[in-house]
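Q: Handing you a structure now.
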Amino acid sequence: MLNAAPVVVGIGLWWTITTFVLVQPRLFPPPQDVLAELLRILSNDGPLGSTYAHAGATLLRLLTAWAIAFVIGTLLGVLAGRKRLVFDFMANPVWIAMSVPSVVWVFILLVLFGIENIVPVSALVLLLSAPVFLGTAEGVRAISKDLLEMCDSYHVRGWQRLTEFYLPSIASYMVANARVSFAYGIRIVLIAEVIGLPNGVGILVAYWSDTLFMAPIVAWGILLTAVGMAVDLLVFGPLQRRIRQESELSR
């Protein structure tokens, strides 16, 4: 009940302000207008075709780029966590990738590739790999030196060392990386779609923004937030709890 209280209070303030203070429903939509747009989206009714098709295109780009970024960031992070030279070499490129605004990367990729799916996917891979890389490298650095010496004594090397030692040892870091990068990806993918693609949720947001109609934009924001929360609660949350339980049992 306490978790729901801030939401209820927030909706109440929202209704009060948009009903009695900011009485411009097109720019400051009250909750009931946003709810109507939510129902419209869920009924697959949109100004640019099927809302499900646009949402599916966005989620496909997000999942594809997130999976690629997670694998690349994890592999490079493991290597950098064990080799100081690799970490020092990668540090500046990683910070550049994280500090340069995503919209700048999107424009650069648009110039290179034109209006293609590779633009948002490439931008997401570039931006999401960086935090995964850093989190993984820190996780590998935290591994006990005694365990590393044990691996050396048993001649555990190469792929076996990666899959049977490093990855299980940093499982909690990997789940944390996955949670953060997925949430971050939801924010970035819309920027790429707004700027340079013919379909996706981003193009719908751009359409409604051009017409100065905010209710559908808020509705899409709520839906994407719900998707992120659902993935976190149904996928990442159980994984984190399972890893924690196994860690406690192994002690």
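Ordered as shown in the structure tokens, chains take letters A, B, and onward, while each chain numbers its residues from 1 and ligands are numbered from 1 in the order shown.
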With segment 179-195 of chain A as the partner and 12 Å as the cut-off, tabulate the residues of segment 54-165 of chain A that qualify, each row holding the nearest pair of atoms and their distance in Å to one decimal, using only C-alpha atoms, sorted by chain and rising number, as JSON lines.
A:
```
{"residue": "A:His54", "atom": "CA", "partner": "A:Glu193", "partner_atom": "CA", "distance": 10.5}
{"residue": "A:Ala55", "atom": "CA", "partner": "A:Leu190", "partner_atom": "CA", "distance": 10.7}
{"residue": "A:Ala57", "atom": "CA", "partner": "A:Glu193", "partner_atom": "CA", "distance": 10.1}
{"residue": "A:Thr58", "atom": "CA", "partner": "A:Val189", "partner_atom": "CA", "distance": 7.2}
{"residue": "A:Leu59", "atom": "CA", "partner": "A:Ile186", "partner_atom": "CA", "distance": 8.6}
{"residue": "A:Leu60", "atom": "CA", "partner": "A:Val189", "partner_atom": "CA", "distance": 10.5}
{"residue": "A:Arg61", "atom": "CA", "partner": "A:Val189", "partner_atom": "CA", "distance": 7.7}
{"residue": "A:Leu62", "atom": "CA", "partner": "A:Gly185", "partner_atom": "CA", "distance": 6.5}
{"residue": "A:Leu63", "atom": "CA", "partner": "A:Phe182", "partner_atom": "CA", "distance": 8.4}
{"residue": "A:Thr64", "atom": "CA", "partner": "A:Gly185", "partner_atom": "CA", "distance": 10.8}
{"residue": "A:Ala65", "atom": "CA", "partner": "A:Gly185", "partner_atom": "CA", "distance": 8.5}
{"residue": "A:Trp66", "atom": "CA", "partner": "A:Phe182", "partner_atom": "CA", "distance": 6.6}
{"residue": "A:Ala67", "atom": "CA", "partner": "A:Phe182", "partner_atom": "CA", "distance": 9.3}
{"residue": "A:Ile68", "atom": "CA", "partner": "A:Ser181", "partner_atom": "CA", "distance": 11.5}
{"residue": "A:Ala69", "atom": "CA", "partner": "A:Ser181", "partner_atom": "CA", "distance": 8.8}
{"residue": "A:Phe70", "atom": "CA", "partner": "A:Ser181", "partner_atom": "CA", "distance": 8.1}
{"residue": "A:Val71", "atom": "CA", "partner": "A:Ser181", "partner_atom": "CA", "distance": 11.9}
{"residue": "A:Gly73", "atom": "CA", "partner": "A:Ser181", "partner_atom": "CA", "distance": 10.5}
{"residue": "A:Thr74", "atom": "CA", "partner": "A:Ser181", "partner_atom": "CA", "distance": 11.9}
{"residue": "A:Met98", "atom": "CA", "partner": "A:Tyr184", "partner_atom": "CA", "distance": 11.3}
{"residue": "A:Pro101", "atom": "CA", "partner": "A:Ile188", "partner_atom": "CA", "distance": 9.9}
{"residue": "A:Ser102", "atom": "CA", "partner": "A:Ile188", "partner_atom": "CA", "distance": 6.8}
{"residue": "A:Val103", "atom": "CA", "partner": "A:Ile191", "partner_atom": "CA", "distance": 6.6}
{"residue": "A:Val104", "atom": "CA", "partner": "A:Ala192", "partner_atom": "CA", "distance": 10.0}
{"residue": "A:Trp105", "atom": "CA", "partner": "A:Ala192", "partner_atom": "CA", "distance": 9.1}
{"residue": "A:Val106", "atom": "CA", "partner": "A:Ala192", "partner_atom": "CA", "distance": 5.9}
{"residue": "A:Phe107", "atom": "CA", "partner": "A:Ile195", "partner_atom": "CA", "distance": 7.9}
{"residue": "A:Ile108", "atom": "CA", "partner": "A:Ala192", "partner_atom": "CA", "distance": 11.1}
{"residue": "A:Leu109", "atom": "CA", "partner": "A:Ala192", "partner_atom": "CA", "distance": 9.7}
{"residue": "A:Leu110", "atom": "CA", "partner": "A:Ile195", "partner_atom": "CA", "distance": 8.8}
{"residue": "A:Val111", "atom": "CA", "partner": "A:Ile195", "partner_atom": "CA", "distance": 11.8}
{"residue": "A:Gly114", "atom": "CA", "partner": "A:Ile195", "partner_atom": "CA", "distance": 11.1}
{"residue": "A:Ile115", "atom": "CA", "partner": "A:Ile195", "partner_atom": "CA", "distance": 9.0}
{"residue": "A:Glu116", "atom": "CA", "partner": "A:Glu193", "partner_atom": "CA", "distance": 10.0}
{"residue": "A:Asn117", "atom": "CA", "partner": "A:Glu193", "partner_atom": "CA", "distance": 9.1}
{"residue": "A:Ile118", "atom": "CA", "partner": "A:Ala192", "partner_atom": "CA", "distance": 10.3}
{"residue": "A:Val119", "atom": "CA", "partner": "A:Ala192", "partner_atom": "CA", "distance": 7.2}
{"residue": "A:Pro120", "atom": "CA", "partner": "A:Ala192", "partner_atom": "CA", "distance": 5.1}
{"residue": "A:Val121", "atom": "CA", "partner": "A:Val189", "partner_atom": "CA", "distance": 8.0}
{"residue": "A:Ser122", "atom": "CA", "partner": "A:Ala192", "partner_atom": "CA", "distance": 9.9}
{"residue": "A:Ala123", "atom": "CA", "partner": "A:Ala192", "partner_atom": "CA", "distance": 7.7}
{"residue": "A:Leu124", "atom": "CA", "partner": "A:Gly185", "partner_atom": "CA", "distance": 6.5}
{"residue": "A:Val125", "atom": "CA", "partner": "A:Gly185", "partner_atom": "CA", "distance": 9.1}
{"residue": "A:Leu126", "atom": "CA", "partner": "A:Gly185", "partner_atom": "CA", "distance": 10.8}
{"residue": "A:Leu127", "atom": "CA", "partner": "A:Gly185", "partner_atom": "CA", "distance": 8.4}
{"residue": "A:Leu128", "atom": "CA", "partner": "A:Ser181", "partner_atom": "CA", "distance": 5.6}
{"residue": "A:Ser129", "atom": "CA", "partner": "A:Ser181", "partner_atom": "CA", "distance": 8.1}
{"residue": "A:Ala130", "atom": "CA", "partner": "A:Ser181", "partner_atom": "CA", "distance": 9.1}
{"residue": "A:Pro131", "atom": "CA", "partner": "A:Ser181", "partner_atom": "CA", "distance": 7.0}
{"residue": "A:Val132", "atom": "CA", "partner": "A:Ser181", "partner_atom": "CA", "distance": 7.0}
{"residue": "A:Phe133", "atom": "CA", "partner": "A:Ser181", "partner_atom": "CA", "distance": 10.6}
{"residue": "A:Leu134", "atom": "CA", "partner": "A:Ser181", "partner_atom": "CA", "distance": 11.6}
{"residue": "A:Gly135", "atom": "CA", "partner": "A:Val180", "partner_atom": "CA", "distance": 10.1}
```
Q: Would you export the selected residues with N, CA and C atoms as a compact mmCIF listing (two decimals), in the first residue's frame, please?
A:
```txt
# COMPACT_ATOMS: atom_id res chain seq x y z
N HIS A 54 4.29 -0.39 -34.59
CA HIS A 54 5.30 0.60 -34.19
C HIS A 54 5.99 0.17 -32.89
N ALA A 55 5.19 -0.29 -31.92
CA ALA A 55 5.78 -0.73 -30.65
C ALA A 55 6.67 -1.95 -30.86
N ALA A 57 8.36 -2.73 -33.58
CA ALA A 57 9.61 -2.29 -34.22
C ALA A 57 10.57 -1.70 -33.20
N THR A 58 10.04 -0.90 -32.29
CA THR A 58 10.89 -0.30 -31.25
C THR A 58 11.48 -1.35 -30.33
N LEU A 59 10.65 -2.27 -29.86
CA LEU A 59 11.13 -3.31 -28.94
C LEU A 59 12.14 -4.23 -29.61
N LEU A 60 11.94 -4.53 -30.90
CA LEU A 60 12.89 -5.39 -31.61
C LEU A 60 14.25 -4.71 -31.70
N ARG A 61 14.26 -3.43 -32.04
CA ARG A 61 15.53 -2.69 -32.09
C ARG A 61 16.19 -2.67 -30.71
N LEU A 62 15.39 -2.41 -29.69
CA LEU A 62 15.92 -2.32 -28.33
C LEU A 62 16.53 -3.65 -27.89
N LEU A 63 15.80 -4.74 -28.06
CA LEU A 63 16.28 -6.05 -27.61
C LEU A 63 17.50 -6.50 -28.40
N THR A 64 17.51 -6.25 -29.71
CA THR A 64 18.66 -6.64 -30.52
C THR A 64 19.91 -5.90 -30.08
N ALA A 65 19.80 -4.58 -29.97
CA ALA A 65 20.96 -3.77 -29.58
C ALA A 65 21.40 -4.07 -28.15
N TRP A 66 20.43 -4.25 -27.26
CA TRP A 66 20.77 -4.53 -25.85
C TRP A 66 21.52 -5.85 -25.73
N ALA A 67 21.08 -6.88 -26.44
CA ALA A 67 21.75 -8.18 -26.38
C ALA A 67 23.18 -8.09 -26.90
N ILE A 68 23.35 -7.40 -28.04
CA ILE A 68 24.69 -7.25 -28.61
C ILE A 68 25.59 -6.46 -27.67
N ALA A 69 25.06 -5.36 -27.14
CA ALA A 69 25.84 -4.52 -26.23
C ALA A 69 26.22 -5.27 -24.96
N PHE A 70 25.31 -6.09 -24.47
CA PHE A 70 25.57 -6.83 -23.24
C PHE A 70 26.70 -7.83 -23.44
N VAL A 71 26.68 -8.53 -24.56
CA VAL A 71 27.73 -9.52 -24.84
C VAL A 71 29.07 -8.82 -25.03
N GLY A 73 30.03 -5.73 -24.08
CA GLY A 73 30.47 -5.09 -22.84
C GLY A 73 30.98 -6.08 -21.82
N THR A 74 30.32 -7.23 -21.72
CA THR A 74 30.73 -8.24 -20.74
C THR A 74 32.07 -8.86 -21.10
N MET A 98 30.04 7.52 -23.25
CA MET A 98 29.03 7.81 -22.24
C MET A 98 28.74 9.30 -22.11
N PRO A 101 26.38 13.30 -25.86
CA PRO A 101 24.91 13.09 -25.89
C PRO A 101 24.50 12.10 -26.98
N SER A 102 23.50 11.30 -26.67
CA SER A 102 23.05 10.27 -27.60
C SER A 102 22.59 10.85 -28.93
N VAL A 103 22.00 12.06 -28.88
CA VAL A 103 21.51 12.67 -30.12
C VAL A 103 22.67 12.98 -31.07
N VAL A 104 23.85 13.29 -30.53
CA VAL A 104 25.02 13.54 -31.37
C VAL A 104 25.46 12.27 -32.08
N TRP A 105 25.49 11.14 -31.33
CA TRP A 105 25.85 9.87 -31.95
C TRP A 105 24.85 9.51 -33.05
N VAL A 106 23.59 9.75 -32.81
CA VAL A 106 22.57 9.42 -33.80
C VAL A 106 22.79 10.21 -35.08
N PHE A 107 23.07 11.50 -34.96
CA PHE A 107 23.32 12.32 -36.15
C PHE A 107 24.56 11.85 -36.90
N ILE A 108 25.62 11.49 -36.17
CA ILE A 108 26.83 10.98 -36.82
C ILE A 108 26.53 9.70 -37.59
N LEU A 109 25.79 8.80 -36.99
CA LEU A 109 25.45 7.54 -37.64
C LEU A 109 24.50 7.74 -38.81
N LEU A 110 23.63 8.75 -38.70
CA LEU A 110 22.74 9.06 -39.83
C LEU A 110 23.55 9.50 -41.05
N VAL A 111 24.58 10.29 -40.81
CA VAL A 111 25.43 10.73 -41.92
C VAL A 111 26.16 9.53 -42.54
N GLY A 114 22.71 6.69 -43.32
CA GLY A 114 21.41 7.09 -43.83
C GLY A 114 20.30 6.62 -42.90
N ILE A 115 19.06 6.74 -43.36
CA ILE A 115 17.90 6.36 -42.54
C ILE A 115 17.70 4.85 -42.63
N GLU A 116 18.36 4.12 -41.76
CA GLU A 116 18.29 2.67 -41.73
C GLU A 116 18.20 2.17 -40.29
N ASN A 117 17.77 0.92 -40.13
CA ASN A 117 17.68 0.33 -38.79
C ASN A 117 19.03 0.26 -38.10
N ILE A 118 20.11 0.25 -38.89
CA ILE A 118 21.43 0.15 -38.29
C ILE A 118 21.75 1.38 -37.43
N VAL A 119 21.09 2.50 -37.69
CA VAL A 119 21.39 3.73 -36.94
C VAL A 119 20.99 3.59 -35.47
N PRO A 120 19.72 3.31 -35.12
CA PRO A 120 19.40 3.18 -33.70
C PRO A 120 20.08 1.99 -33.04
N VAL A 121 20.24 0.89 -33.79
CA VAL A 121 20.88 -0.28 -33.21
C VAL A 121 22.35 0.03 -32.89
N SER A 122 23.04 0.66 -33.83
CA SER A 122 24.45 1.01 -33.61
C SER A 122 24.59 2.00 -32.47
N ALA A 123 23.71 3.00 -32.42
CA ALA A 123 23.78 3.98 -31.34
C ALA A 123 23.56 3.32 -29.99
N LEU A 124 22.60 2.42 -29.92
CA LEU A 124 22.33 1.73 -28.66
C LEU A 124 23.49 0.84 -28.26
N VAL A 125 24.05 0.09 -29.21
CA VAL A 125 25.18 -0.78 -28.89
C VAL A 125 26.34 0.05 -28.35
N LEU A 126 26.62 1.17 -29.00
CA LEU A 126 27.72 2.04 -28.59
C LEU A 126 27.51 2.57 -27.17
N LEU A 127 26.30 3.02 -26.88
CA LEU A 127 26.03 3.67 -25.60
C LEU A 127 25.79 2.67 -24.47
N LEU A 128 25.20 1.53 -24.78
CA LEU A 128 24.91 0.55 -23.73
C LEU A 128 26.11 -0.32 -23.38
N SER A 129 27.02 -0.49 -24.33
CA SER A 129 28.20 -1.30 -24.05
C SER A 129 29.05 -0.67 -22.96
N ALA A 130 29.08 0.66 -22.92
CA ALA A 130 29.97 1.37 -22.00
C ALA A 130 29.67 1.06 -20.52
N PRO A 131 28.43 1.25 -20.04
CA PRO A 131 28.18 0.94 -18.62
C PRO A 131 28.32 -0.54 -18.31
N VAL A 132 27.98 -1.41 -19.26
CA VAL A 132 28.16 -2.85 -19.03
C VAL A 132 29.64 -3.17 -18.88
N PHE A 133 30.46 -2.56 -19.73
CA PHE A 133 31.90 -2.76 -19.67
C PHE A 133 32.45 -2.36 -18.30
N LEU A 134 32.08 -1.17 -17.83
CA LEU A 134 32.59 -0.68 -16.55
C LEU A 134 32.14 -1.55 -15.38
N GLY A 135 30.85 -1.91 -15.37
CA GLY A 135 30.34 -2.75 -14.29
C GLY A 135 31.00 -4.12 -14.26
```
Q: Compile the contact shell of segment 6-17 of chain A as number ranges by chain: residues with an atom at most 12 Å away, counting only C-alpha atoms, same-chain residues fewer than 3 positions apart removed.
A: A: 1-3, 20-25, 28-35
Q: Name the closest residue to Leu27 of chain A among the candidates A:Ile217, A:Val227, A:Val235, A:Met90; distances are taken between atoms, counting only C-alpha atoms.
A: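 Using only C-alpha atoms, the shortest distance to Leu27 of chain A belongs to A:Ile217.
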Q: Expressed in Å to a single decimal, how great is the separation between atom CA of Gly46 of chain A and atom CA of Ile222 of chain A?
A: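 That distance, rounded to one decimal, is 16.4 Å.
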Q: In Å, rounded to a single decimal, give me how far atom CA of Ala171 of chain A is from atom CA of Leu223 of chain A.
A: 29.5 Å
Q: Given only C-alpha atoms as the basis, pick out the residue of A:Ser209, A:Asn199, A:Ser50, A:Ser172 nearest to Pro238 of chain A.
A: A:Ser172
Q: Grab the atom CA of Leu204 of chain A to atom CA of Gly228 of chain A distance for me, in Å with one decimal place.
A: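 Computed distance, atom CA of Leu204 of chain A to atom CA of Gly228 of chain A, equals 19.0 Å.
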Q: Using only C-alpha atoms, can you tell me which of A:Ala137, A:Tyr166, A:Val205, A:Thr19 comes closest to Arg84 of chain A?
A: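 Nearest candidate to Arg84 of chain A out of A:Ala137, A:Tyr166, A:Val205, A:Thr19: A:Ala137.
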Q: Please provide as a PyMOL selection string all residues within 7 Å of Val78 of chain A, with the sequence filter that same-chain residues fewer than 3 positions apart are discarded (counting only C-alpha atoms).
A: chain A and resi 74-75+81-82+136-137+140
Q: Just list as a VMD selection string whatever in segment 10-250 of chain A DSSP marks as alpha helix (DSSP H).
A: chain A and resid 10 to 20 31 to 42 51 to 82 84 to 99 102 to 113 118 to 141 145 to 153 158 to 161 167 to 169 171 to 196 201 to 210 215 to 231 237 to 250
